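The file query-v7.txt comes next; it holds compact mmCIF, C-alpha atoms.
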```txt
# COMPACT_ATOMS: atom_id res chain seq x y z
CA MET M 1 108.12 110.80 94.53
CA ALA M 2 110.80 108.47 95.76
CA ALA M 3 110.59 104.82 94.85
CA GLY M 4 112.19 101.84 96.45
CA SER M 5 112.37 98.31 95.17
CA THR M 6 110.34 95.87 97.24
CA TYR M 7 108.21 92.70 96.93
CA THR M 8 111.06 90.68 98.33
CA PRO M 9 111.11 86.88 98.37
CA ILE M 10 111.49 85.84 102.00
CA ALA M 11 111.33 82.07 101.96
CA THR M 12 110.03 79.13 99.97
CA THR M 13 109.19 75.69 101.27
CA THR M 14 108.72 72.78 98.89
CA LEU M 15 107.79 69.63 100.69
CA GLY M 16 110.06 66.66 100.02
CA SER M 17 107.78 64.46 102.06
CA ALA M 18 104.30 64.67 103.48
CA GLN M 19 104.03 67.09 106.37
CA ALA M 20 101.16 68.24 108.61
CA THR M 21 102.11 71.87 109.02
CA VAL M 22 104.26 74.48 107.34
CA SER M 23 105.50 77.40 109.40
CA PHE M 24 107.32 80.62 108.68
CA ASN M 25 108.93 82.25 111.66
CA SER M 26 111.38 84.79 110.39
CA PHE M 27 110.11 87.85 108.60
CA SER M 28 110.48 91.44 109.67
CA GLY M 29 110.96 94.84 108.17
CA TYR M 30 107.97 94.81 105.84
CA THR M 31 104.55 96.41 105.74
CA ASP M 32 102.58 93.54 104.23
CA ILE M 33 103.28 89.85 103.84
CA TYR M 34 102.12 88.08 100.69
CA ALA M 35 101.95 84.30 100.66
CA VAL M 36 101.47 82.10 97.63
CA CYS M 37 100.55 78.58 98.62
CA ALA M 38 99.99 75.60 96.35
CA PRO M 39 99.27 72.77 98.77
CA LEU M 40 98.53 69.26 97.64
CA PHE M 41 95.85 67.49 99.64
CA GLY M 42 95.69 63.78 100.30
CA SER M 43 92.17 63.97 101.64
CA THR M 44 89.20 66.28 101.49
CA SER M 45 89.75 69.26 103.71
CA ASN M 46 90.10 73.00 103.93
CA PHE M 47 93.26 75.08 104.15
CA GLN M 48 93.81 77.01 107.34
CA MET M 49 96.26 79.38 108.94
CA THR M 50 97.06 80.62 112.43
CA PHE M 51 99.39 83.30 113.70
CA ASN M 52 101.89 83.39 116.57
CA SER M 53 100.73 79.91 117.71
CA ASP M 54 97.49 81.47 118.92
CA SER M 55 94.91 78.69 119.20
CA GLY M 56 92.30 80.85 120.91
CA SER M 57 88.93 81.73 119.38
CA ASN M 58 90.32 84.97 117.97
CA TYR M 59 89.77 84.47 114.26
CA SER M 60 86.87 85.14 111.94
CA ASN M 61 86.23 85.41 108.24
CA THR M 62 83.77 86.31 105.52
CA ILE M 63 83.88 84.52 102.22
CA LEU M 64 82.51 84.90 98.70
CA VAL M 65 82.42 81.77 96.58
CA GLY M 66 81.62 81.08 92.94
CA ASN M 67 81.07 77.37 92.47
CA GLY M 68 80.24 77.25 88.79
CA SER M 69 76.51 77.74 89.13
CA THR M 70 75.89 80.25 91.91
CA ALA M 71 77.69 82.88 93.95
CA VAL M 72 77.28 82.38 97.68
CA SER M 73 78.66 83.98 100.82
CA ASP M 74 79.19 82.81 104.36
CA ARG M 75 80.89 83.83 107.56
CA GLN M 76 82.50 82.28 110.64
CA SER M 77 83.02 84.07 113.97
CA ASN M 78 85.15 83.19 117.01
CA GLN M 79 87.14 80.52 115.25
CA THR M 80 90.47 79.03 116.29
CA ARG M 81 91.94 79.66 112.83
CA ILE M 82 91.22 81.38 109.54
CA VAL M 83 89.84 78.80 107.16
CA ALA M 84 91.04 79.79 103.72
CA GLY M 85 88.51 78.07 101.55
CA TYR M 86 84.96 76.92 101.82
CA ASN M 87 84.28 73.45 100.50
CA GLY M 88 86.61 70.53 100.90
CA THR M 89 89.37 69.99 98.41
CA SER M 90 89.99 66.52 97.08
CA SER M 91 93.35 65.03 96.20
CA SER M 92 92.60 65.23 92.51
CA GLN M 93 92.34 69.01 92.57
CA LYS M 94 95.13 71.51 92.78
CA PRO M 95 94.16 74.61 94.73
CA MET M 96 96.16 77.80 95.04
CA TYR M 97 95.94 80.44 97.75
CA GLN M 98 97.16 84.02 97.55
CA ILE M 99 97.14 85.63 100.97
CA SER M 100 97.92 89.24 101.84
CA LEU M 101 98.52 89.97 105.51
CA MET M 102 97.95 93.70 105.67
CA ASN M 103 100.02 95.80 108.06
CA TYR M 104 100.97 92.61 109.84
CA ALA M 105 103.31 94.30 112.32
CA ASN M 106 101.02 97.16 113.32
CA THR M 107 100.50 96.99 117.09
CA SER M 108 97.56 99.43 117.03
CA THR M 109 95.23 97.35 114.88
CA TYR M 110 93.84 93.86 114.57
CA LYS M 111 95.21 92.00 111.58
CA THR M 112 93.29 91.58 108.34
CA ALA M 113 94.04 88.96 105.71
CA LEU M 114 92.80 89.29 102.13
CA ILE M 115 92.65 85.97 100.38
CA ARG M 116 92.08 84.80 96.85
CA ALA M 117 91.75 81.07 96.45
CA ASN M 118 91.27 79.14 93.27
CA ASN M 119 90.46 75.56 92.63
CA ALA M 120 89.64 75.24 88.99
CA GLY M 121 87.95 71.92 89.58
CA SER M 122 85.34 73.31 91.92
CA GLU M 123 85.32 76.97 92.89
CA THR M 124 86.88 80.41 93.03
CA ILE M 125 87.00 82.32 96.29
CA ALA M 126 87.59 85.78 97.69
CA GLN M 127 87.81 86.15 101.41
CA VAL M 128 88.60 88.50 104.27
CA GLY M 129 89.92 87.14 107.54
CA LEU M 130 90.51 88.81 110.88
CA TRP M 131 92.84 87.95 113.73
CA ARG M 132 91.75 89.89 116.79
CA SER M 133 95.14 90.71 118.18
CA THR M 134 97.23 93.84 118.22
CA SER M 135 100.41 91.79 118.42
CA ALA M 136 102.72 91.91 115.45
CA ILE M 137 102.54 88.69 113.46
CA THR M 138 105.85 86.94 113.97
CA SER M 139 104.92 83.45 112.82
CA ILE M 140 102.47 81.92 110.38
CA GLN M 141 101.41 78.31 110.35
CA PHE M 142 99.55 76.65 107.50
CA ALA M 143 97.74 73.34 107.97
CA MET M 144 94.88 71.24 106.70
CA GLN M 145 91.74 71.67 108.75
CA ASN M 146 91.31 67.92 109.23
CA GLY M 147 94.86 67.53 110.51
CA ASP M 148 96.08 65.43 107.60
CA ASN M 149 99.38 65.98 105.86
CA PHE M 150 100.20 68.21 102.96
CA GLN M 151 101.54 65.99 100.23
CA THR M 152 105.01 65.90 98.72
CA GLY M 153 105.50 68.70 96.22
CA SER M 154 103.34 71.23 98.04
CA THR M 155 104.87 74.69 97.78
CA PHE M 156 104.63 77.71 100.07
CA THR M 157 106.31 81.03 99.31
CA LEU M 158 106.40 84.18 101.37
CA TYR M 159 107.12 87.68 100.05
CA GLY M 160 107.59 90.91 101.92
CA ILE M 161 106.23 94.23 100.69
CA GLN M 162 107.68 97.34 102.28
CA ALA M 163 105.98 100.69 101.98
CA ALA M 164 108.02 103.82 101.48
CA MET R 165 128.24 92.25 92.86
CA LEU R 166 130.35 93.88 95.55
CA ASN R 167 127.34 94.08 97.85
CA VAL R 168 126.55 90.44 97.27
CA ILE R 169 130.13 89.40 98.10
CA SER R 170 130.13 91.63 101.15
CA GLY R 171 126.87 90.08 102.36
CA LEU R 172 128.17 86.56 101.92
CA LEU R 173 131.46 87.27 103.67
CA SER R 174 129.71 88.82 106.63
CA GLY R 175 127.62 85.70 107.07
CA GLY R 176 124.41 87.55 106.37
CA ALA R 177 121.89 86.92 103.66
CA ALA R 178 122.79 88.27 100.26
CA PRO R 179 120.96 91.50 99.45
CA ALA R 180 117.76 90.94 97.59
CA ALA R 181 117.84 91.60 93.89
CA ALA R 182 116.01 94.66 92.67
CA THR R 183 112.45 93.85 91.63
CA SER R 184 110.04 95.50 89.25
CA TYR R 185 107.71 96.33 92.14
CA GLU R 186 108.55 99.62 93.81
CA SER R 187 107.22 101.55 96.74
CA ILE R 188 106.33 105.10 95.68
CA ALA R 189 104.72 106.78 98.65
CA THR R 190 102.83 106.02 101.86
CA VAL R 191 100.37 107.98 103.96
CA THR R 192 99.80 106.75 107.51
CA LEU R 193 97.41 108.86 109.52
CA GLY R 194 98.40 110.23 112.90
CA SER R 195 94.99 111.84 113.15
CA ASP R 196 91.75 111.76 111.20
CA GLN R 197 91.99 112.99 107.62
CA THR R 198 89.27 113.59 105.04
CA GLU R 199 91.12 112.50 101.95
CA ILE R 200 94.33 110.88 100.82
CA ASN R 201 96.19 112.35 97.87
CA PHE R 202 98.98 110.89 95.82
CA THR R 203 100.25 113.55 93.45
CA SER R 204 103.02 114.00 90.89
CA ILE R 205 102.90 110.32 89.96
CA ALA R 206 105.62 109.78 87.38
CA SER R 207 105.26 107.71 84.25
CA THR R 208 108.01 105.39 85.41
CA TRP R 209 105.80 102.37 85.84
CA LYS R 210 103.34 100.28 83.84
CA HIS R 211 100.78 99.69 86.59
CA LEU R 212 100.05 101.07 90.04
CA GLN R 213 98.86 99.29 93.14
CA ILE R 214 97.46 100.74 96.35
CA ARG R 215 97.45 98.60 99.48
CA TYR R 216 95.62 99.97 102.49
CA VAL R 217 94.05 99.44 105.86
CA ALA R 218 91.25 101.84 106.74
CA LYS R 219 88.55 102.85 109.14
CA ALA R 220 86.04 105.61 108.44
CA ASN R 221 84.88 108.00 111.15
CA VAL R 222 81.20 107.19 110.73
CA GLY R 223 78.93 105.42 113.20
CA SER R 224 77.61 102.58 111.11
CA ASN R 225 77.17 98.83 111.34
CA TYR R 226 78.33 98.55 107.73
CA ALA R 227 81.74 98.63 106.17
CA GLN R 228 82.38 101.71 104.04
CA SER R 229 83.47 101.99 100.44
CA ILE R 230 86.71 103.57 99.38
CA SER R 231 86.16 106.15 96.66
CA MET R 232 88.71 107.05 94.05
CA ARG R 233 89.18 110.01 91.73
CA PHE R 234 91.93 110.72 89.20
CA ASN R 235 93.61 113.98 88.21
CA SER R 236 91.01 115.95 90.22
CA ASP R 237 88.40 115.14 87.57
CA THR R 238 84.99 115.76 89.16
CA GLY R 239 83.00 115.05 86.00
CA THR R 240 80.65 112.12 85.64
CA ASN R 241 83.33 110.06 83.96
CA TYR R 242 83.49 107.11 86.30
CA SER R 243 81.66 103.81 86.58
CA ARG R 244 81.97 100.62 88.56
CA HIS R 245 80.65 97.12 89.03
CA ALA R 246 81.03 94.90 92.05
CA ILE R 247 80.15 91.55 93.53
CA ALA R 248 80.09 91.32 97.28
CA ALA R 249 79.39 89.21 100.31
CA TYR R 250 77.50 90.81 103.20
CA THR R 251 77.46 88.81 106.40
CA GLY R 252 75.97 89.93 109.69
CA GLY R 253 72.94 88.15 111.06
CA TYR R 254 72.61 86.73 107.59
CA ALA R 255 74.75 85.88 104.59
CA SER R 256 73.93 87.65 101.37
CA THR R 257 75.60 87.87 98.02
CA THR R 258 74.95 90.86 95.84
CA SER R 259 76.07 92.42 92.60
CA PHE R 260 75.60 95.96 91.41
CA GLY R 261 76.86 98.64 89.07
CA ASP R 262 76.79 102.40 88.60
CA ALA R 263 77.42 104.43 85.46
CA SER R 264 78.22 108.11 84.96
CA GLN R 265 79.43 108.70 88.48
CA ASN R 266 81.76 111.47 89.62
CA ILE R 267 83.87 108.99 91.56
CA ILE R 268 84.65 105.28 91.59
CA ASN R 269 83.15 103.59 94.63
CA LEU R 270 85.20 100.52 95.46
CA PHE R 271 83.35 98.13 97.70
CA SER R 272 84.09 98.04 100.74
CA GLY R 273 87.39 98.17 102.58
CA ALA R 274 86.92 100.52 105.54
CA SER R 275 85.43 99.58 108.89
CA SER R 276 83.24 102.01 110.83
CA THR R 277 83.34 103.41 114.34
CA ASN R 278 80.56 101.10 115.57
CA TRP R 279 83.13 98.35 115.15
CA ASN R 280 85.91 97.54 117.60
CA ALA R 281 88.40 100.42 117.66
CA SER R 282 91.20 98.09 116.57
CA THR R 283 89.33 96.58 113.65
CA PHE R 284 90.25 98.06 110.29
CA GLY R 285 89.21 97.02 106.83
CA ALA R 286 91.77 96.44 104.11
CA GLY R 287 92.06 96.48 100.36
CA ILE R 288 94.27 96.13 97.33
CA ILE R 289 93.57 98.32 94.29
CA ASP R 290 95.25 97.76 90.93
CA ILE R 291 95.32 100.63 88.43
CA LEU R 292 96.22 99.13 85.11
CA ASP R 293 98.16 100.82 82.32
CA TYR R 294 97.68 104.15 84.10
CA GLN R 295 99.83 106.21 81.73
CA ASN R 296 98.41 104.89 78.45
CA THR R 297 96.96 107.85 76.51
CA ASN R 298 95.20 105.66 73.97
CA LYS R 299 92.58 104.14 76.21
CA TYR R 300 90.37 104.65 79.24
CA LYS R 301 91.71 103.55 82.62
CA THR R 302 90.56 100.43 84.42
CA VAL R 303 90.95 99.60 88.08
CA ARG R 304 90.15 96.51 90.09
CA SER R 305 89.87 96.03 93.80
CA LEU R 306 89.77 93.26 96.37
CA ALA R 307 88.64 94.67 99.70
CA GLY R 308 87.10 93.46 102.90
CA ALA R 309 86.23 94.34 106.46
CA GLU R 310 85.63 91.55 108.95
CA SER R 311 83.84 92.31 112.24
CA ASN R 312 83.69 88.95 114.04
CA ASP R 313 80.03 89.75 114.64
CA ALA R 314 77.34 87.33 113.55
CA SER R 315 74.36 89.56 114.30
CA THR R 316 74.75 93.34 114.04
CA LEU R 317 77.96 94.42 112.39
CA VAL R 318 77.94 93.55 108.72
CA SER R 319 81.22 92.13 107.52
CA THR R 320 81.88 92.64 103.84
CA LEU R 321 84.03 91.25 101.11
CA GLY R 322 83.97 92.91 97.69
CA LEU R 323 85.46 92.45 94.26
CA SER R 324 85.11 95.64 92.24
CA SER R 325 86.03 96.95 88.84
CA GLY R 326 86.09 100.61 87.91
CA LEU R 327 86.49 102.73 84.81
CA TRP R 328 87.66 106.29 84.32
CA GLN R 329 86.62 107.47 80.89
CA SER R 330 89.69 109.49 80.12
CA THR R 331 92.71 108.92 77.92
CA SER R 332 94.83 111.20 80.08
CA ALA R 333 97.70 109.66 81.94
CA ILE R 334 96.94 109.40 85.64
CA THR R 335 99.17 111.77 87.55
CA SER R 336 97.23 112.07 90.79
CA ILE R 337 94.90 109.91 92.86
CA THR R 338 92.46 111.04 95.54
CA LEU R 339 90.95 108.56 97.98
CA THR R 340 87.98 109.29 100.21
CA SER R 341 85.26 107.46 102.10
CA ASN R 342 81.87 108.40 103.54
CA ALA R 343 83.67 110.24 106.33
CA ALA R 344 87.21 111.08 107.32
CA PHE R 345 89.66 108.24 107.61
CA LYS R 346 90.52 107.43 111.20
CA GLN R 347 93.94 107.50 112.82
CA TYR R 348 96.11 104.48 111.91
CA SER R 349 94.54 104.18 108.49
CA SER R 350 97.38 103.68 106.05
CA PHE R 351 97.62 103.86 102.26
CA ALA R 352 100.69 102.77 100.32
CA LEU R 353 101.19 103.40 96.60
CA TYR R 354 103.38 101.05 94.57
CA GLY R 355 104.54 101.03 90.97
CA ILE R 356 105.00 97.93 88.83
CA LYS R 357 107.33 98.22 85.88
CA GLY R 358 106.38 96.80 82.50
```
Re-express the file's structure as structure tokens.
Amino acid sequence: MAAGSTYTPIATTTLGSAQATVSFNSFSGYTDIYAVCAPLFGSTSNFQMTFNSDSGSNYSNTILVGNGSTAVSDRQSNQTRIVAGYNGTSSSQKPMYQISLMNYANTSTYKTALIRANNAGSETIAQVGLWRSTSAITSIQFAMQNGDNFQTGSTFTLYGIQAA
Amino acid sequence: MLNVISGLLSGGAAPAAATSYESIATVTLGSDQTEINFTSIASTWKHLQIRYVAKANVGSNYAQSISMRFNSDTGTNYSRHAIAAYTGGYASTTSFGDASQNIINLFSGASSTNWNASTFGAGIIDILDYQNTNKYKTVRSLAGAESNDASTLVSTLGLSSGLWQSTSAITSITLTSNAAFKQYSSFALYGIKG
């Protein structure tokens, strides 16, 4: 079996000042995109992402949450973004999101995101999100659900994984 | 070094450095197929990872599990545990386990044909220390299928662990579901060096 080196760093953004959105617009030639995001929140909110500037009600997700005492699940249909997270995240907590965008350029299928989110101060999360579009994902935008800024020092890194 | 210099002089990005994560093989279906086989897996790597999108050719409102077998072993040498979210007209969290199975059922990364034709489930399976002949083999999986349906179609998110009670090095992997995988399902095998 042939093997080719992959898992390629594409871009990293470290915020030097507070900023409302972080976008990645240049990634091609891969099978999956893997994002590692460590945003810092200045207010209680959730983390969200949209693709290709699509603000239509084309997103949905199912989520599994362990909050320290119980495991719960929930879902959201016909949303205007994938909410990566469940409960709000306060400024004193440091969440991390690992997001796999599976077959993101496949024009025959809708796009599925597999998400693991951790916030040691409150919860651990596993999640599946769907963007109902057969368009290749050409841009990703991360934001806080309440519209506030990500704080200075927030980091966002994109990797590309290319199948043989 | 020469490639790096060449890339810089041409104004393009420098070539990426080689990583310890390597693509081994990929199967993308042009038509329905009952099972996916990765064979002749070398001992080059420390761990394996399978990343997939999948739909099973079964008329069901539920997402379907991906089943895994190693080295064509059909004995009752497999077990699994999982925690999962089911969400259709309700939201339910469940946990379960099975011992002495003849396959590892990883919950639940394939959509079904009752779902939109373009909706596929997805999953990531890690096979840890697959060539170690001193211990049994452990796998873990994160998988999900999201339907955008709040009433009938049951979206699923699952975290699974699996065990193959064998000290043999894994040299082949067979993946199946409750029915054939549909066209456009795709399975990619990667190796991670130690």
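Checking M:Ile161, M:Ile140, M:Ala113, M:Val128 one by one against Leu321 of chain R, counting only C-alpha atoms, you find the shortest gap at M:Val128.
Between atom CA of Val65 of chain M and atom CA of Phe150 of chain M there is a distance of 23.3 Å.
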Exercise. M:Gly56, M:Gly42, M:Gly129, M:Pro9: which is nearest Thr320 of chain R, counting all atoms listed in the file?
Worked result: M:Gly129
Any chance you could tabulate, as CSV, the residues of chain M at most 6 Å from chain R with each one's nearest atom pair and distance in Å to one decimal, using only C-alpha atoms, in chain and rising number order?
```
residue,atom,partner,partner_atom,distance
M:Ala2,CA,R:Ile188,CA,5.6
M:Ala3,CA,R:Ile188,CA,4.3
M:Gly4,CA,R:Ser187,CA,5.0
M:Ser5,CA,R:Glu186,CA,4.3
M:Thr6,CA,R:Glu186,CA,5.4
M:Ser60,CA,R:Asn312,CA,5.4
M:Leu64,CA,R:Ala249,CA,5.6
M:Val72,CA,R:Thr257,CA,5.8
M:Ser73,CA,R:Ala249,CA,5.3
M:Asp74,CA,R:Ala255,CA,5.4
M:Ser77,CA,R:Asn312,CA,4.9
M:Thr109,CA,R:Ser282,CA,4.4
M:Tyr110,CA,R:Thr283,CA,5.3
M:Val128,CA,R:Gly308,CA,5.4
M:Leu130,CA,R:Glu310,CA,5.9
M:Ala163,CA,R:Ser187,CA,5.5
M:Ala164,CA,R:Ala189,CA,5.3
```
Exercise. Could you work out how far atom CA of Phe156 of chain M lies from atom CA of Ile10 of chain M, giving the answer in Å with one decimal?
Worked result: 10.8 Å
Problem set entry | Test item: residues at most 7 Å from Gly261 of chain R, only C-alpha atoms, excluding those fewer than 2 positions along its chain, as a list of chain:residue names | R:Arg244, R:His245, R:Ala246, R:Ala263
For this session: Please check which residues have atoms at most 10 Å from (108.8, 86.4, 114.4) in the file's coordinates, counting all atoms listed in the file, and write them as a PyMOL selection string.
Result: chain M and resi 24-28+51-52+105+136-140
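The two atoms in question, atom CA of Gln48 of chain M and atom CA of Thr21 of chain M, are spaced 9.9 Å apart.
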Set up a box along x, y and z of the file covering all listed atoms of segment 97-106 of chain M, add 8 Å on every one of the six sides, and write the centre and edge lengths in Å to one decimal, as AutoDock Vina command-line options.
```
--center_x 99.6 --center_y 88.8 --center_z 105.4 --size_x 23.4 --size_y 32.7 --size_z 31.8
```
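Minimum atom-to-atom distances from R:Trp279, R:Ile289, R:Ser229, R:Leu193 to Ile337 of chain R were compared using all atoms listed in the file, and the lowest value belongs to R:Ile289.
Nearest residue to Thr192 of chain R, choosing from R:Ser332, R:Phe345, R:Lys357, R:Thr297 and counting only C-alpha atoms: R:Phe345.
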Exercise. What would the list of residues within 7 Å of (96.9, 95.3, 106.9) (file frame) look like as a PyMOL selection string, if only C-alpha atoms are what count?
Worked result: (chain M and resi 32+101-104+111-112) or (chain R and resi 216-217+286)
Keeping only C-alpha atoms, write the selected residues to a file as a short mmCIF file (atom, residue, chain, number, x, y, z; two decimals), in the frame of the given file.
```
data_model
loop_
_atom_site.label_atom_id
_atom_site.label_comp_id
_atom_site.auth_asym_id
_atom_site.auth_seq_id
_atom_site.Cartn_x
_atom_site.Cartn_y
_atom_site.Cartn_z
CA ASP M 32 102.58 93.54 104.23
CA LEU M 101 98.52 89.97 105.51
CA MET M 102 97.95 93.70 105.67
CA ASN M 103 100.02 95.80 108.06
CA TYR M 104 100.97 92.61 109.84
CA LYS M 111 95.21 92.00 111.58
CA THR M 112 93.29 91.58 108.34
CA TYR R 216 95.62 99.97 102.49
CA VAL R 217 94.05 99.44 105.86
CA ALA R 286 91.77 96.44 104.11
#
```
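The shortest atom-to-atom distance to Ser315 of chain R, with all atoms listed in the file taken into account, belongs to M:Gln76 out of M:Gln76, M:Thr8, M:Gln98, M:Ser53.
Between Lys301 of chain R and the candidates R:Ala220, R:Ile334, R:Ile268, R:Leu317, the tightest atom-to-atom separation, counting all atoms listed in the file, involves R:Ile334.
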Problem set entry | Selection: 9 Å around Gln151 of chain M, all atoms listed in the file, excl. self and same-chain fewer than 6 positions, as a list in words | Leu15, Gly16, Ser17, Ala18, Gln19, Ala20, Pro39, Leu40, Phe41 and Gly42 of chain M
Any chance you could model N, CA and C atoms for segment 27-39 of chain M and send them as an mmCIF file, keeping the file's coordinate frame?
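Resulting contents of selection30.cif:
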```
data_model
loop_
_atom_site.group_PDB
_atom_site.id
_atom_site.type_symbol
_atom_site.label_atom_id
_atom_site.label_comp_id
_atom_site.auth_asym_id
_atom_site.auth_seq_id
_atom_site.Cartn_x
_atom_site.Cartn_y
_atom_site.Cartn_z
ATOM 1 N N PHE M 27 110.382 86.811 109.597
ATOM 2 C CA PHE M 27 110.110 87.850 108.600
ATOM 3 C C PHE M 27 109.881 89.157 109.353
ATOM 4 N N SER M 28 110.633 90.129 109.031
ATOM 5 C CA SER M 28 110.480 91.440 109.670
ATOM 6 C C SER M 28 110.943 92.509 108.709
ATOM 7 N N GLY M 29 110.518 93.714 108.974
ATOM 8 C CA GLY M 29 110.960 94.840 108.170
ATOM 9 C C GLY M 29 110.069 95.157 106.988
ATOM 10 N N TYR M 30 108.889 94.565 106.952
ATOM 11 C CA TYR M 30 107.970 94.810 105.840
ATOM 12 C C TYR M 30 106.665 95.419 106.340
ATOM 13 N N THR M 31 105.870 95.879 105.410
ATOM 14 C CA THR M 31 104.550 96.410 105.740
ATOM 15 C C THR M 31 103.478 95.340 105.590
ATOM 16 N N ASP M 32 103.522 94.636 104.482
ATOM 17 C CA ASP M 32 102.580 93.540 104.230
ATOM 18 C C ASP M 32 103.368 92.263 103.941
ATOM 19 N N ILE M 33 102.744 91.152 104.237
ATOM 20 C CA ILE M 33 103.280 89.850 103.840
ATOM 21 C C ILE M 33 102.336 89.261 102.798
ATOM 22 N N TYR M 34 102.911 88.703 101.759
ATOM 23 C CA TYR M 34 102.120 88.080 100.690
ATOM 24 C C TYR M 34 102.569 86.632 100.562
ATOM 25 N N ALA M 35 101.643 85.731 100.730
ATOM 26 C CA ALA M 35 101.950 84.300 100.660
ATOM 27 C C ALA M 35 101.273 83.682 99.454
ATOM 28 N N VAL M 36 102.019 82.881 98.737
ATOM 29 C CA VAL M 36 101.470 82.100 97.630
ATOM 30 C C VAL M 36 101.636 80.629 97.989
ATOM 31 N N CYS M 37 100.527 79.957 98.147
ATOM 32 C CA CYS M 37 100.550 78.580 98.620
ATOM 33 C C CYS M 37 99.872 77.673 97.601
ATOM 34 N N ALA M 38 100.552 76.612 97.250
ATOM 35 C CA ALA M 38 99.990 75.600 96.350
ATOM 36 C C ALA M 38 100.074 74.246 97.050
ATOM 37 N N PRO M 39 99.218 74.023 98.021
ATOM 38 C CA PRO M 39 99.270 72.770 98.770
ATOM 39 C C PRO M 39 98.623 71.640 97.987
#
```
